[in-house]
Amino acid sequence: MTTISSVSSTSSGIGSVVSQKSSHLSETTKAQLEALGIAVTDGMTEAEAKQKIAEVQAQRQAQNQNNQQGNSSESELFSDAKALASQVGVSVSSDSDVSEILDDIGVKLETMLEQAQGDSQKLSEISSYFSQLQSLDEQNDSIQSSQNSLYGAMNMISTSNKIALGL
């Protein structure tokens with residue numbers, strides 16, 4: 001009879017080890033995983049869970065930042081570039097992108113600069129156009145840099161997921 005009771009106590013001990021293995025994440029971490037829509041898997045360590053949380057938060061932050069900056073800034077930059085192009089007499093096709101428009105404006109301003117040698121009023125006007133062009137170029141570079149950062153973060157998350165899944 002004592003043999004059976006010792007087996008019974010041993011099997012209940014195994015059950016508690018199994019339940020500890022599947023629930024060794026803190027309640028805070030579990031709540032964060034659930035809030036972000038990440039499935040809690042058996043055997044997930046606290047470090048793995050926190051890494052997944054950080055990845056998803058970084059991805060969402062980058063997407064939000066890009067959406068906020070991208071949607072308004074890109075369209076504003078495009079309209080500003082078109083406005084400057086019309087001021088200097090550059091025609092813009094409907095399928096032109098911002099970089100092409102800015103390049104065309106730069107070429108036109110250089111031509112205008114060569115023709116305006118000695119005319120201080122025209123040189124002042126061209127200088128103003130160059131300042132606007134420089135500002136638009138900097139905004140375009142900033143947007144491109146932000147997009148490249150987002151793509152880099154997405155690539156890093158993709159690689160991390162492939163490693164985690166053993167692909």
# chains A, B, ... in the order shown; residues from 1 in each chain; ligands from 1
$ residues_around --residues "A:Gly37" --least-positions-apart "2" --cutoff "12 Å" --atoms "only C-alpha atoms" --output "list in words"
Lys30, Ala31, Gln32, Leu33, Glu34, Ala35, Ala39, Val40, Lys52, Ile53, Val56 and Gln57 of chain A
$ atom_distance --atom1 "atom CA of A:Ala47" --atom2 "atom CA of A:Gln63"
24.2 Å
$ select_by_dssp --residues "chain A" --states "alpha helix (DSSP H)" --output "number ranges by chain"
A: 2-22, 27-36, 46-69, 75-88, 98-115, 120-165
$ closest_residue --among "A:Leu133, A:Leu167, A:Ile126, A:Leu109" --to "A:Val90" --atoms "only C-alpha atoms"
A:Leu109
$ residues_around --residues "A:Ser142" --least-positions-apart "3" --cutoff "12 Å" --atoms "only C-alpha atoms" --output "count of residues only"
16
$ residues_around --residues "A:Gly106" --least-positions-apart "5" --cutoff "9 Å" --atoms "only C-alpha atoms" --output "NGL selection string"
:A and (101 or 111 or 130 or 133)
$ atom_distance --atom1 "atom CA of A:Ser131" --atom2 "atom CA of A:Ser94"
24.8 Å
$ residues_around --residues "A:Leu84" --least-positions-apart "2" --cutoff "9 Å" --atoms "only C-alpha atoms" --output "mmCIF file with N, CA and C atoms, in the first residue's frame"
data_model
loop_
_atom_site.group_PDB
_atom_site.id
_atom_site.type_symbol
_atom_site.label_atom_id
_atom_site.label_comp_id
_atom_site.auth_asym_id
_atom_site.auth_seq_id
_atom_site.Cartn_x
_atom_site.Cartn_y
_atom_site.Cartn_z
ATOM 1 N N SER A 79 3.168 68.438 -53.074
ATOM 2 C CA SER A 79 2.463 69.659 -53.498
ATOM 3 C C SER A 79 3.376 70.878 -53.436
ATOM 4 N N ASP A 80 4.262 70.940 -52.429
ATOM 5 C CA ASP A 80 5.217 72.050 -52.348
ATOM 6 C C ASP A 80 6.196 72.024 -53.529
ATOM 7 N N ALA A 81 6.645 70.823 -53.886
ATOM 8 C CA ALA A 81 7.567 70.692 -55.017
ATOM 9 C C ALA A 81 6.875 71.104 -56.317
ATOM 10 N N LYS A 82 5.618 70.708 -56.490
ATOM 11 C CA LYS A 82 4.876 71.104 -57.686
ATOM 12 C C LYS A 82 4.674 72.610 -57.735
ATOM 13 N N SER A 86 6.114 75.128 -60.632
ATOM 14 C CA SER A 86 5.309 76.057 -61.436
ATOM 15 C C SER A 86 5.839 77.484 -61.329
ATOM 16 N N GLN A 87 6.404 77.840 -60.150
ATOM 17 C CA GLN A 87 6.967 79.182 -59.991
ATOM 18 C C GLN A 87 8.176 79.400 -60.886
ATOM 19 N N VAL A 88 8.989 78.363 -61.048
ATOM 20 C CA VAL A 88 10.203 78.531 -61.860
ATOM 21 C C VAL A 88 9.989 78.131 -63.308
ATOM 22 N N GLY A 89 8.808 77.615 -63.651
ATOM 23 C CA GLY A 89 8.498 77.290 -65.037
ATOM 24 C C GLY A 89 8.877 75.879 -65.450
ATOM 25 N N VAL A 90 8.861 74.947 -64.528
ATOM 26 C CA VAL A 90 9.147 73.550 -64.845
ATOM 27 C C VAL A 90 7.825 72.818 -64.952
ATOM 28 N N LEU A 102 12.320 67.674 -58.017
ATOM 29 C CA LEU A 102 13.370 68.486 -57.403
ATOM 30 C C LEU A 102 14.605 68.565 -58.294
ATOM 31 N N ILE A 105 13.846 71.013 -61.084
ATOM 32 C CA ILE A 105 13.882 72.391 -60.573
ATOM 33 C C ILE A 105 15.330 72.862 -60.448
ATOM 34 N N TYR A 129 14.506 80.889 -54.587
ATOM 35 C CA TYR A 129 14.103 79.582 -55.122
ATOM 36 C C TYR A 129 15.074 78.483 -54.684
ATOM 37 N N GLN A 132 14.322 77.488 -51.149
ATOM 38 C CA GLN A 132 13.145 76.623 -51.088
ATOM 39 C C GLN A 132 13.484 75.208 -51.561
ATOM 40 N N LEU A 133 14.284 75.134 -52.633
ATOM 41 C CA LEU A 133 14.691 73.832 -53.169
ATOM 42 C C LEU A 133 15.517 73.059 -52.144
#
$ closest_residue --among "A:Glu46, A:Glu27, A:Asp141, A:Glu55" --to "A:Ser99" --atoms "only C-alpha atoms"
A:Asp141
